Amino acid sequence: MFAFLEGLNDKQRAAVEAKDGPTLVLAGPGSGKTRVLTSRIAYLISVRNTAPYRLMAVTFTNKAAREMRDRVAQFLGAGKAGDLLIGTFHSICARLLRRESARIGLDRDFSIYDADDQLNVVKAALAELKLDEKKYKPASIHAAISAAKNDLISPEAYRAESYFQEIAGRVYARYNAILRANNALDFDDLIMETVRLLQSDAAVREKVQERYAHVLVDEFQDTNLAQYALIRLFTGRHRNLFCVGDADQSIYAWRGADYRNVLRLREDYPDLNIITLDQNYRSTQTILDAAMGVIRKNPNRIHINLLTQRGHGPKIAVRELFNEDEEAQFVVDTIEELVRQRAAEPGQIAVMYRTNAQSRPLEEAFIRAGMPYRLVGATRFYARKEIKDVLAYLRVINNPADMISLRRIINVPPRGIGEKTYEQLESAARAREASALDVLTKGDLSLPGRAGRALQEFGLLWAQWVRLRNELSVGQLFDHVLQTSGYKDHLRDGTSEGEDRWANVMALRNVAIEAGDVMLSEFLSNVALVSDVDNFDETVNAPTLLTLHAAKGLEFNVVFIVGLVEGVLPHSRSLDDPEQMAEERRLMYVGITRAKDRLYLLRPFRRSQWGDSEITEPSRFLSDLPDSVVDSKLHKNSELLQATTVWQRQPNKAPAGARFQPGDRVVHPRFGEGLVLRSTLVRDDEEVEVFFFGAGGKRLSAAMSGLKKIRG
DNA sequence: CTTGCTACTCTTTTT
DNA sequence: GAGTAGCAAG
């Protein structure tokens, strides 16, 4: 008996042991999709005697890839797992393209541009075309370019159907030209260029197809057209394709993911073996019923009836709180209580939200309570200025043609090389068809005065770094550049903020040192392609704050979903488009199904934005929960509104000596949080009228009820 | 060329 | 309400 087959149910086992050829495993959340995929790998190696290096497994995050590798290693030993090609679409393509860079007309040390760099390239292209940034937002233009690339449309093939697209098409052509001149590719290029290479070059294609006898794909519903084409090219004649996915968890349509790839798969492979898994091993039936209640409303889907043996568990707590701050406070208080009662480990609790901006009140509440937490995303580590600066230094050393990175650091710290001076350098480089480094070291650009000297000095430094590049390890080069560039002293300016930034740079230094003696280009590639969840530290026992998107593929004993308000979830940008609305619904579905045992769905009554706050409507998804699974019903807005307006209209103070004032935020052991409407003194006690957001209006004794003020 | 001020935009979601 | 782009002054 093989370890990887233990504990699998009949359907899972049928999937793992499927015969060669195209197979698609369609399965609901918590059904062990990834387990099936890893078991399949183990099965192919140990039962079917497939050499490990002949397998390619593709995931969407490095974290998923790492986990898959670890699990295969458990079954087969680290040696065999080490031979497997398991990686993300982007990392697999980057590797291939680096090896074959000559065939696509790039130097093997090409840079990989992230979202930030891409925006800078769009801005440069707009400037060259003398187009107004205000009129054509770089972000929108870039979205159009990215969409084209995800659909494998080259600048030449781009057909505009509107005036905006007309502009976008022109920028696209310039944009790509700039990328190539900088010896750089963007994220989307990694896929598109690999597809083009495999399509046009039979030798490379056959080499890849021959080598990888089996292709396995995780999260198939998130593939876009380019990735689908890539899968087909990888798969080739052997047709040994094994995909797992769940159309109900498709939440990346906005970046080109196309659930119709499932239909394409059926068309392209008429003999496709489809296996459906509905058994859920994660959540209580209560949570699954809630999830199905929400997802059922989506049109054009094949319903999977989610079933579990885990029993019903506690009901879902739906709570209405006054605003985001109180919502956050509720989360923290509830977590404290759950942990005190030993109902959950802190590390097994997650708080999820639609947008990164929503993490802020939560973070504040955690900090106030002195409770540690883990934050995924937000100001991403690799998006921080100091990190991008240091990486830009390394990138210009690795790839002297990279003007986007050069521009970033040429005057950081200030060296007296301003915009004008930089532009002269750039146009000199362009005129001579040489890199800026060549121009500087050959000394054939002589500018007079301060600027000229500053450039010359920088050129000497730069040339020295490039010479050291092959002599020093990445870690040593890192230290050397930081010191000699003056960036270290620039950053450590004596402020505490400077020290924070320095600490981040030191964290990056650790990554560089741990990288050992890899090539600089490989190191830069790796850091360009890490995602947020990749840095998720499993060993810290603290609650996790993350977006619903980032939560996909994860599971927690206790899940809070906050901000369940129209305009947030579903997001306001999705309200008028049924397709986008369906995706918001799937997002809610993904969130609910992350929970194993307990689920809290929170709705703030007021939402603050742009400084002032406004009354919210509860998310439509809340009303799609079956009555039987929730522990309380929502209040009408009019009731909640009444509570807040009553005290606003009656600003009459409570009598002297009263503990409670109208407008005070209070908490009651049984009724939860509420708002004091009025307070009167009765003999030696105080009668308080409170509107509780979860329980309605009550009249209570101040002395007897256990009523407490919240903060101040 | 750098610094400091004002005015303006911005809120999806990410490899 | 906050981060940043753009501008004026030093």
# chains A, B, ... in the order shown; residues from 1 in each chain; ligands from 1
call {"tool": "closest_atom_pairs", "arguments": {"of": "chain A", "to": "chain B", "cutoff": "8 Å", "atoms": "only C-alpha atoms (C1' of nucleotides)", "output": "CSV"}}
result
residue,atom,partner,partner_atom,distance
A:Phe60,CA,B:DT15,C1',7.2
A:Thr61,CA,B:DT15,C1',7.4
A:His90,CA,B:DT15,C1',6.9
A:Phe187,CA,B:DT15,C1',7.0
A:Tyr252,CA,B:DT13,C1',7.9
A:Arg354,CA,B:DT13,C1',7.4
A:Thr355,CA,B:DT12,C1',6.0
A:Ala357,CA,B:DT11,C1',7.3
A:Gly416,CA,B:DC1,C1',6.1
A:Ile417,CA,B:DC1,C1',7.8
A:Gly418,CA,B:DC1,C1',6.4
A:Leu529,CA,B:DT15,C1',6.8
A:Ser531,CA,B:DT15,C1',7.1
A:His549,CA,B:DT13,C1',6.3
A:His571,CA,B:DT12,C1',7.1
A:Arg573,CA,B:DT12,C1',7.6
call {"tool": "write_last_selection", "arguments": {"atoms": "N, CA and C atoms", "output": "mmCIF file, in the first residue's frame"}}
result
data_model
loop_
_atom_site.group_PDB
_atom_site.id
_atom_site.type_symbol
_atom_site.label_atom_id
_atom_site.label_comp_id
_atom_site.auth_asym_id
_atom_site.auth_seq_id
_atom_site.Cartn_x
_atom_site.Cartn_y
_atom_site.Cartn_z
ATOM 1 N N PHE A 60 -0.211 28.708 -9.105
ATOM 2 C CA PHE A 60 -0.312 30.157 -9.266
ATOM 3 C C PHE A 60 0.534 30.931 -8.270
ATOM 4 N N THR A 61 0.862 30.305 -7.148
ATOM 5 C CA THR A 61 1.742 30.988 -6.199
ATOM 6 C C THR A 61 2.908 30.074 -5.842
ATOM 7 N N HIS A 90 4.650 31.865 -14.075
ATOM 8 C CA HIS A 90 5.643 32.907 -14.338
ATOM 9 C C HIS A 90 7.066 32.417 -14.102
ATOM 10 N N PHE A 187 5.472 41.133 -16.548
ATOM 11 C CA PHE A 187 4.868 39.881 -16.085
ATOM 12 C C PHE A 187 4.137 39.166 -17.214
ATOM 13 N N TYR A 252 -10.386 35.659 -10.651
ATOM 14 C CA TYR A 252 -9.362 36.458 -11.308
ATOM 15 C C TYR A 252 -9.711 36.826 -12.743
ATOM 16 N N ARG A 354 -12.379 42.830 1.613
ATOM 17 C CA ARG A 354 -12.363 42.970 0.165
ATOM 18 C C ARG A 354 -11.169 43.768 -0.341
ATOM 19 N N THR A 355 -10.872 44.890 0.329
ATOM 20 C CA THR A 355 -9.795 45.757 -0.142
ATOM 21 C C THR A 355 -8.727 45.920 0.936
ATOM 22 N N ALA A 357 -7.240 48.448 1.946
ATOM 23 C CA ALA A 357 -7.417 49.619 2.809
ATOM 24 C C ALA A 357 -8.183 49.273 4.080
ATOM 25 N N GLY A 416 23.330 65.304 -7.365
ATOM 26 C CA GLY A 416 23.396 66.451 -8.255
ATOM 27 C C GLY A 416 23.137 66.067 -9.699
ATOM 28 N N ILE A 417 22.479 64.912 -9.894
ATOM 29 C CA ILE A 417 22.110 64.521 -11.254
ATOM 30 C C ILE A 417 20.600 64.667 -11.375
ATOM 31 N N GLY A 418 20.165 65.773 -11.863
ATOM 32 C CA GLY A 418 18.730 66.062 -11.924
ATOM 33 C C GLY A 418 18.084 65.536 -13.184
ATOM 34 N N LEU A 529 9.279 37.534 -8.616
ATOM 35 C CA LEU A 529 8.124 36.670 -8.822
ATOM 36 C C LEU A 529 7.525 36.136 -7.529
ATOM 37 N N SER A 531 5.134 36.248 -4.274
ATOM 38 C CA SER A 531 3.866 36.890 -3.971
ATOM 39 C C SER A 531 3.768 37.095 -2.463
ATOM 40 N N HIS A 549 -8.969 37.664 -1.807
ATOM 41 C CA HIS A 549 -8.204 37.082 -2.909
ATOM 42 C C HIS A 549 -7.003 36.302 -2.379
ATOM 43 N N HIS A 571 -18.225 44.987 -4.460
ATOM 44 C CA HIS A 571 -17.552 46.259 -4.656
ATOM 45 C C HIS A 571 -18.351 47.159 -5.594
ATOM 46 N N ARG A 573 -17.530 48.944 -7.943
ATOM 47 C CA ARG A 573 -17.174 48.895 -9.365
ATOM 48 C C ARG A 573 -17.817 47.701 -10.067
#
call {"tool": "interface_residues", "arguments": {"of": "chain C", "to": "chain A", "cutoff": "12 Å", "atoms": "only C-alpha atoms (C1' of nucleotides)", "output": "JSON, numbers by chain"}}
result
{"C": [1, 2, 5]}
call {"tool": "atom_distance", "arguments": {"atom1": "CA of Gln424 (chain A)", "atom2": "CA of Phe478 (chain A)"}}
result
28.8 Å
call {"tool": "residues_around", "arguments": {"residues": "Leu44 (chain A)", "least_positions_apart": "2", "cutoff": "12 Å", "atoms": "only C-alpha atoms (C1' of nucleotides)", "output": "ChimeraX atom specification"}}
result
/A:2,4,15-20,37-42,46-56,72,76,84,213-216,240,242
call {"tool": "write_last_selection", "arguments": {"atoms": "N, CA and C atoms", "output": "compact mmCIF listing (two decimals), in the first residue's frame"}}
result
# COMPACT_ATOMS: atom_id res chain seq x y z
N PHE A 2 0.55 2.17 -0.86
CA PHE A 2 1.32 3.41 -0.94
C PHE A 2 0.73 4.47 -0.02
N PHE A 4 0.55 7.58 -0.20
CA PHE A 4 -0.22 8.67 -0.81
C PHE A 4 -1.63 8.25 -1.20
N ALA A 15 -9.32 9.48 -9.48
CA ALA A 15 -8.63 10.59 -10.13
C ALA A 15 -7.13 10.37 -10.10
N VAL A 16 -6.62 9.98 -8.93
CA VAL A 16 -5.18 9.77 -8.79
C VAL A 16 -4.70 8.68 -9.74
N GLU A 17 -5.52 7.64 -9.90
CA GLU A 17 -5.09 6.51 -10.71
C GLU A 17 -5.62 6.56 -12.14
N ALA A 18 -6.10 7.72 -12.55
CA ALA A 18 -6.65 7.85 -13.90
C ALA A 18 -5.61 7.43 -14.94
N LYS A 19 -6.11 6.87 -16.04
CA LYS A 19 -5.17 6.48 -17.10
C LYS A 19 -4.62 7.73 -17.77
N ASP A 20 -3.57 7.54 -18.56
CA ASP A 20 -2.97 8.67 -19.27
C ASP A 20 -4.00 9.35 -20.15
N LEU A 37 -3.80 16.18 -6.54
CA LEU A 37 -2.74 16.53 -7.48
C LEU A 37 -1.38 15.99 -7.03
N THR A 38 -1.07 16.21 -5.75
CA THR A 38 0.23 15.73 -5.27
C THR A 38 0.28 14.21 -5.25
N SER A 39 -0.86 13.60 -4.91
CA SER A 39 -0.89 12.14 -4.90
C SER A 39 -0.70 11.60 -6.32
N ARG A 40 -1.24 12.31 -7.27
CA ARG A 40 -1.08 11.91 -8.66
C ARG A 40 0.40 11.93 -9.06
N ILE A 41 1.08 12.96 -8.62
CA ILE A 41 2.51 13.04 -8.91
C ILE A 41 3.24 11.84 -8.31
N ALA A 42 2.94 11.59 -7.03
CA ALA A 42 3.58 10.46 -6.34
C ALA A 42 3.24 9.15 -7.04
N SER A 46 5.94 6.57 -8.54
CA SER A 46 6.24 5.29 -7.90
C SER A 46 5.48 4.11 -8.48
N VAL A 47 4.30 4.33 -9.05
CA VAL A 47 3.58 3.19 -9.61
C VAL A 47 3.82 3.09 -11.12
N ARG A 48 3.82 4.25 -11.77
CA ARG A 48 3.96 4.21 -13.23
C ARG A 48 5.39 4.40 -13.68
N ASN A 49 6.31 4.52 -12.69
CA ASN A 49 7.73 4.61 -12.99
C ASN A 49 8.10 5.77 -13.91
N THR A 50 7.39 6.86 -13.77
CA THR A 50 7.76 8.05 -14.53
C THR A 50 8.93 8.72 -13.81
N ALA A 51 9.95 9.07 -14.56
CA ALA A 51 11.08 9.76 -13.92
C ALA A 51 10.62 11.13 -13.42
N PRO A 52 11.04 11.52 -12.20
CA PRO A 52 10.55 12.78 -11.63
C PRO A 52 10.78 13.98 -12.55
N TYR A 53 11.93 14.00 -13.23
CA TYR A 53 12.22 15.18 -14.05
C TYR A 53 11.33 15.27 -15.29
N ARG A 54 10.50 14.24 -15.51
CA ARG A 54 9.62 14.29 -16.68
C ARG A 54 8.25 14.86 -16.33
N LEU A 55 8.10 15.31 -15.10
CA LEU A 55 6.81 15.87 -14.67
C LEU A 55 6.91 17.38 -14.52
N MET A 56 5.88 18.08 -14.97
CA MET A 56 5.81 19.51 -14.76
C MET A 56 4.49 19.81 -14.04
N VAL A 72 5.08 16.03 -1.75
CA VAL A 72 5.64 14.96 -2.57
C VAL A 72 6.88 14.39 -1.89
N LEU A 76 7.87 10.56 -1.15
CA LEU A 76 8.90 9.92 -1.97
C LEU A 76 10.32 10.21 -1.54
N LEU A 84 11.66 17.33 -9.59
CA LEU A 84 10.41 17.74 -10.21
C LEU A 84 10.46 19.19 -10.65
N ALA A 213 6.71 14.68 -19.90
CA ALA A 213 5.74 13.70 -20.38
C ALA A 213 4.38 13.89 -19.71
N HIS A 214 4.38 14.56 -18.56
CA HIS A 214 3.12 14.82 -17.86
C HIS A 214 3.07 16.27 -17.42
N VAL A 215 1.92 16.89 -17.66
CA VAL A 215 1.73 18.27 -17.26
C VAL A 215 0.55 18.32 -16.30
N LEU A 216 0.77 18.89 -15.13
CA LEU A 216 -0.31 18.98 -14.13
C LEU A 216 -0.55 20.44 -13.78
N ASN A 240 -0.84 14.19 -21.96
CA ASN A 240 -0.99 13.80 -20.56
C ASN A 240 -1.17 15.03 -19.68
N PHE A 242 -3.28 16.91 -16.66
CA PHE A 242 -4.08 16.63 -15.47
C PHE A 242 -4.36 17.95 -14.76
call {"tool": "atom_distance", "arguments": {"atom1": "CA of Glu6 (chain A)", "atom2": "CA of Ala57 (chain A)"}}
result
21.9 Å
call {"tool": "select_by_dssp", "arguments": {"residues": "region 87-228 of chain A", "states": "helix (DSSP H, G or I)", "output": "JSON, numbers by chain"}}
result
{"A": [89, 90, 91, 92, 93, 94, 95, 96, 97, 98, 99, 101, 102, 103, 104, 115, 116, 117, 118, 119, 120, 121, 122, 123, 124, 125, 126, 127, 128, 138, 139, 140, 141, 142, 143, 144, 145, 146, 147, 148, 149, 150, 163, 164, 165, 166, 167, 168, 169, 170, 171, 172, 173, 174, 175, 176, 177, 178, 179, 180, 181, 187, 188, 189, 190, 191, 192, 193, 194, 195, 196, 197, 198, 199, 200, 202, 203, 204, 205, 206, 207, 208, 209, 210, 211, 220, 221, 222, 225, 226, 227, 228]}
call {"tool": "write_last_selection", "arguments": {"atoms": "C-alpha atoms", "output": "PDB file, in the first residue's frame"}}
result
ATOM      1  CA  PHE A  89       3.442  29.857 -14.624  1.00  0.00           C
ATOM      2  CA  HIS A  90       5.643  32.907 -14.338  1.00  0.00           C
ATOM      3  CA  SER A  91       8.658  31.239 -12.759  1.00  0.00           C
ATOM      4  CA  ILE A  92       8.595  28.315 -15.195  1.00  0.00           C
ATOM      5  CA  CYS A  93       8.391  30.700 -18.143  1.00  0.00           C
ATOM      6  CA  ALA A  94      11.126  32.963 -16.780  1.00  0.00           C
ATOM      7  CA  ARG A  95      13.459  29.964 -16.504  1.00  0.00           C
ATOM      8  CA  LEU A  96      12.719  28.797 -19.994  1.00  0.00           C
ATOM      9  CA  LEU A  97      13.088  32.267 -21.476  1.00  0.00           C
ATOM     10  CA  ARG A  98      16.399  32.860 -19.761  1.00  0.00           C
ATOM     11  CA  ARG A  99      17.727  29.636 -21.201  1.00  0.00           C
ATOM     12  CA  SER A 101      16.867  34.276 -24.437  1.00  0.00           C
ATOM     13  CA  ALA A 102      18.889  34.501 -27.636  1.00  0.00           C
ATOM     14  CA  ARG A 103      15.943  33.150 -29.604  1.00  0.00           C
ATOM     15  CA  ILE A 104      13.688  35.975 -28.539  1.00  0.00           C
ATOM     16  CA  ALA A 115       3.482  46.637 -11.757  1.00  0.00           C
ATOM     17  CA  ASP A 116       5.314  49.735 -10.596  1.00  0.00           C
ATOM     18  CA  ASP A 117       7.938  49.558 -13.326  1.00  0.00           C
ATOM     19  CA  GLN A 118       5.275  48.836 -15.914  1.00  0.00           C
ATOM     20  CA  LEU A 119       3.496  52.029 -14.967  1.00  0.00           C
ATOM     21  CA  ASN A 120       6.738  53.952 -15.361  1.00  0.00           C
ATOM     22  CA  VAL A 121       7.180  52.487 -18.831  1.00  0.00           C
ATOM     23  CA  VAL A 122       3.631  53.523 -19.765  1.00  0.00           C
ATOM     24  CA  LYS A 123       4.405  57.032 -18.538  1.00  0.00           C
ATOM     25  CA  ALA A 124       7.594  57.127 -20.583  1.00  0.00           C
ATOM     26  CA  ALA A 125       5.682  55.922 -23.644  1.00  0.00           C
ATOM     27  CA  LEU A 126       2.983  58.534 -23.119  1.00  0.00           C
ATOM     28  CA  ALA A 127       5.643  61.223 -22.835  1.00  0.00           C
ATOM     29  CA  GLU A 128       7.334  60.084 -26.046  1.00  0.00           C
ATOM     30  CA  PRO A 138      -1.387  55.295 -17.187  1.00  0.00           C
ATOM     31  CA  ALA A 139      -3.175  52.662 -15.103  1.00  0.00           C
ATOM     32  CA  SER A 140      -6.042  52.343 -17.616  1.00  0.00           C
ATOM     33  CA  ILE A 141      -3.658  52.230 -20.552  1.00  0.00           C
ATOM     34  CA  HIS A 142      -1.626  49.598 -18.828  1.00  0.00           C
ATOM     35  CA  ALA A 143      -4.751  47.565 -18.077  1.00  0.00           C
ATOM     36  CA  ALA A 144      -5.559  47.584 -21.804  1.00  0.00           C
ATOM     37  CA  ILE A 145      -2.030  46.511 -22.715  1.00  0.00           C
ATOM     38  CA  SER A 146      -2.065  43.774 -20.099  1.00  0.00           C
ATOM     39  CA  ALA A 147      -5.445  42.524 -21.309  1.00  0.00           C
ATOM     40  CA  ALA A 148      -4.112  42.370 -24.864  1.00  0.00           C
ATOM     41  CA  LYS A 149      -1.076  40.383 -23.755  1.00  0.00           C
ATOM     42  CA  ASN A 150      -3.233  37.988 -21.778  1.00  0.00           C
ATOM     43  CA  TYR A 163     -10.888  56.047 -29.442  1.00  0.00           C
ATOM     44  CA  PHE A 164      -9.366  55.041 -26.136  1.00  0.00           C
ATOM     45  CA  GLN A 165      -8.219  51.740 -27.580  1.00  0.00           C
ATOM     46  CA  GLU A 166      -6.790  53.611 -30.519  1.00  0.00           C
ATOM     47  CA  ILE A 167      -4.575  55.479 -28.084  1.00  0.00           C
ATOM     48  CA  ALA A 168      -3.883  52.352 -26.049  1.00  0.00           C
ATOM     49  CA  GLY A 169      -2.743  50.560 -29.196  1.00  0.00           C
ATOM     50  CA  ARG A 170      -0.260  53.286 -30.026  1.00  0.00           C
ATOM     51  CA  VAL A 171       1.077  53.345 -26.480  1.00  0.00           C
ATOM     52  CA  TYR A 172       1.280  49.549 -26.518  1.00  0.00           C
ATOM     53  CA  ALA A 173       3.671  49.634 -29.469  1.00  0.00           C
ATOM     54  CA  ARG A 174       5.879  52.244 -27.783  1.00  0.00           C
ATOM     55  CA  TYR A 175       5.635  50.432 -24.478  1.00  0.00           C
ATOM     56  CA  ASN A 176       6.929  47.190 -25.938  1.00  0.00           C
ATOM     57  CA  ALA A 177       9.680  48.994 -27.811  1.00  0.00           C
ATOM     58  CA  ILE A 178      10.859  50.585 -24.561  1.00  0.00           C
ATOM     59  CA  LEU A 179      10.794  47.248 -22.773  1.00  0.00           C
ATOM     60  CA  ARG A 180      12.934  45.666 -25.471  1.00  0.00           C
ATOM     61  CA  ALA A 181      15.347  48.589 -25.539  1.00  0.00           C
ATOM     62  CA  PHE A 187       4.868  39.881 -16.085  1.00  0.00           C
ATOM     63  CA  ASP A 188       2.524  39.335 -19.003  1.00  0.00           C
ATOM     64  CA  ASP A 189       5.412  38.990 -21.447  1.00  0.00           C
ATOM     65  CA  LEU A 190       6.769  36.052 -19.504  1.00  0.00           C
ATOM     66  CA  ILE A 191       3.737  34.032 -20.570  1.00  0.00           C
ATOM     67  CA  MET A 192       3.133  35.571 -23.980  1.00  0.00           C
ATOM     68  CA  GLU A 193       6.744  35.400 -25.112  1.00  0.00           C
ATOM     69  CA  THR A 194       6.988  31.781 -24.024  1.00  0.00           C
ATOM     70  CA  VAL A 195       3.892  30.973 -26.048  1.00  0.00           C
ATOM     71  CA  ARG A 196       5.314  32.772 -29.063  1.00  0.00           C
ATOM     72  CA  LEU A 197       8.637  31.041 -28.697  1.00  0.00           C
ATOM     73  CA  LEU A 198       7.035  27.600 -28.478  1.00  0.00           C
ATOM     74  CA  GLN A 199       4.741  28.349 -31.401  1.00  0.00           C
ATOM     75  CA  SER A 200       7.440  29.613 -33.693  1.00  0.00           C
ATOM     76  CA  ALA A 202       9.735  23.748 -33.418  1.00  0.00           C
ATOM     77  CA  ALA A 203      13.040  22.660 -31.930  1.00  0.00           C
ATOM     78  CA  VAL A 204      12.411  24.247 -28.538  1.00  0.00           C
ATOM     79  CA  ARG A 205       8.801  23.118 -28.551  1.00  0.00           C
ATOM     80  CA  GLU A 206       9.671  19.510 -29.227  1.00  0.00           C
ATOM     81  CA  LYS A 207      12.409  19.548 -26.650  1.00  0.00           C
ATOM     82  CA  VAL A 208       9.996  20.756 -23.976  1.00  0.00           C
ATOM     83  CA  GLN A 209       7.192  18.408 -25.023  1.00  0.00           C
ATOM     84  CA  GLU A 210       9.526  15.468 -25.144  1.00  0.00           C
ATOM     85  CA  ARG A 211      11.025  16.207 -21.777  1.00  0.00           C
ATOM     86  CA  PHE A 220      -7.175  25.620 -13.595  1.00  0.00           C
ATOM     87  CA  GLN A 221     -10.130  28.035 -13.412  1.00  0.00           C
ATOM     88  CA  ASP A 222      -7.672  30.910 -12.949  1.00  0.00           C
ATOM     89  CA  LEU A 225      -6.006  32.542 -22.628  1.00  0.00           C
ATOM     90  CA  ALA A 226      -2.226  32.886 -22.806  1.00  0.00           C
ATOM     91  CA  GLN A 227      -1.768  30.385 -19.996  1.00  0.00           C
ATOM     92  CA  TYR A 228      -4.204  28.019 -21.643  1.00  0.00           C
TER      93      TYR A 228
END
call {"tool": "atom_distance", "arguments": {"atom1": "CA of Ile387 (chain A)", "atom2": "CA of Asp500 (chain A)"}}
result
11.8 Å
call {"tool": "select_by_dssp", "arguments": {"residues": "region 27-140 of chain A", "states": "strand (DSSP E)", "output": "list in words"}}
result
Ala27, Leu55, Met56, Ala57, Val58, Thr59, Leu85, Ile86, Gly87, Thr88, Ser111, Ile112 and Tyr113 of chain A
call {"tool": "write_last_selection", "arguments": {"atoms": "C-alpha atoms", "output": "mmCIF file, in the first residue's frame"}}
result
data_model
loop_
_atom_site.group_PDB
_atom_site.id
_atom_site.type_symbol
_atom_site.label_atom_id
_atom_site.label_comp_id
_atom_site.auth_asym_id
_atom_site.auth_seq_id
_atom_site.Cartn_x
_atom_site.Cartn_y
_atom_site.Cartn_z
ATOM 1 C CA ALA A 27 -14.081 19.844 -7.228
ATOM 2 C CA LEU A 55 6.807 15.870 -14.665
ATOM 3 C CA MET A 56 5.808 19.508 -14.755
ATOM 4 C CA ALA A 57 3.357 20.863 -12.190
ATOM 5 C CA VAL A 58 2.091 24.420 -12.521
ATOM 6 C CA THR A 59 0.590 26.516 -9.734
ATOM 7 C CA LEU A 85 9.606 20.901 -12.073
ATOM 8 C CA ILE A 86 7.031 22.474 -9.775
ATOM 9 C CA GLY A 87 6.505 26.189 -10.107
ATOM 10 C CA THR A 88 4.260 29.049 -11.016
ATOM 11 C CA SER A 111 14.989 42.487 -16.152
ATOM 12 C CA ILE A 112 11.484 41.530 -15.105
ATOM 13 C CA TYR A 113 9.298 44.597 -14.622
#
call {"tool": "residues_around", "arguments": {"residues": "Leu554 (chain A)", "least_positions_apart": "5", "cutoff": "10 Å", "atoms": "only C-alpha atoms (C1' of nucleotides)", "output": "VMD selection string"}}
result
chain A and resid 30 64 350 533 590 to 591 593 to 595
call {"tool": "residues_around", "arguments": {"residues": "Asp333 (chain A)", "least_positions_apart": "4", "cutoff": "10 Å", "atoms": "only C-alpha atoms (C1' of nucleotides)", "output": "ChimeraX atom specification"}}
result
/A:327-329,337-339,365-366,369
call {"tool": "decode", "arguments": {"residues": "chain C", "atoms": "N, CA, C and O atoms (P, O5', C5', C4', C3', O3' and C1' of nucleotides)", "output": "tab-separated table (two decimals), in the first residue's frame"}}
result
chain	number	residue	atom	x	y	z
C	1	DG	P	-9.24	62.90	9.69
C	1	DG	O5'	-9.27	61.40	9.04
C	1	DG	C5'	-9.47	61.28	7.68
C	1	DG	C4'	-8.22	60.75	6.99
C	1	DG	C3'	-6.94	61.54	7.27
C	1	DG	O3'	-5.83	60.66	7.06
C	1	DG	C1'	-7.55	61.86	5.06
C	2	DA	P	-4.38	60.94	7.55
C	2	DA	O5'	-3.58	59.74	6.86
C	2	DA	C5'	-4.23	58.85	5.96
C	2	DA	C4'	-3.51	58.87	4.62
C	2	DA	C3'	-2.08	59.42	4.64
C	2	DA	O3'	-1.30	58.68	3.73
C	2	DA	C1'	-3.33	60.62	3.11
C	3	DG	P	0.21	58.29	4.08
C	3	DG	O5'	0.81	57.95	2.64
C	3	DG	C5'	0.04	57.21	1.68
C	3	DG	C4'	0.09	57.91	0.35
C	3	DG	C3'	1.50	58.38	-0.08
C	3	DG	O3'	1.78	57.86	-1.35
C	3	DG	C1'	-0.09	60.13	-0.32
C	4	DT	P	3.23	57.97	-1.98
C	4	DT	O5'	3.00	59.00	-3.16
C	4	DT	C5'	1.92	58.84	-4.05
C	4	DT	C4'	1.73	60.10	-4.86
C	4	DT	C3'	3.03	60.72	-5.39
C	4	DT	O3'	2.79	61.20	-6.69
C	4	DT	C1'	1.81	62.33	-4.24
C	5	DA	P	3.76	60.72	-7.87
C	5	DA	O5'	3.34	61.69	-9.05
C	5	DA	C5'	1.96	61.95	-9.29
C	5	DA	C4'	1.73	63.44	-9.48
C	5	DA	C3'	2.81	64.16	-10.27
C	5	DA	O3'	2.18	64.98	-11.23
C	5	DA	C1'	2.46	65.27	-8.22
C	6	DG	P	2.99	65.60	-12.43
C	6	DG	O5'	2.89	67.16	-12.11
C	6	DG	C5'	1.65	67.73	-11.67
C	6	DG	C4'	1.93	69.09	-11.06
C	6	DG	C3'	3.04	69.87	-11.77
C	6	DG	O3'	2.59	71.19	-12.01
C	6	DG	C1'	3.46	69.78	-9.44
C	7	DC	P	3.40	72.15	-12.97
C	7	DC	O5'	3.78	73.33	-11.96
C	7	DC	C5'	2.77	73.89	-11.11
C	7	DC	C4'	3.42	74.57	-9.94
C	7	DC	C3'	4.55	75.54	-10.33
C	7	DC	O3'	4.27	76.83	-9.80
C	7	DC	C1'	5.23	74.11	-8.55
C	8	DA	P	4.97	78.09	-10.51
C	8	DA	O5'	5.56	78.83	-9.23
C	8	DA	C5'	4.79	78.95	-8.04
C	8	DA	C4'	5.72	79.11	-6.85
C	8	DA	C3'	6.86	80.11	-7.08
C	8	DA	O3'	6.93	80.99	-5.96
C	8	DA	C1'	7.74	78.01	-6.38
C	9	DA	P	7.88	82.26	-6.04
C	9	DA	O5'	8.97	81.89	-4.94
C	9	DA	C5'	8.55	81.49	-3.64
C	9	DA	C4'	9.71	80.87	-2.90
C	9	DA	C3'	10.98	81.72	-2.85
C	9	DA	O3'	11.51	81.70	-1.54
C	9	DA	C1'	11.48	79.58	-3.70
C	10	DG	P	12.72	82.66	-1.14
C	10	DG	O5'	13.92	81.65	-0.96
C	10	DG	C5'	13.89	80.71	0.11
C	10	DG	C4'	15.05	79.76	-0.06
C	10	DG	C3'	16.43	80.44	-0.08
C	10	DG	O3'	17.31	79.70	0.76
C	10	DG	C1'	16.18	79.07	-1.97
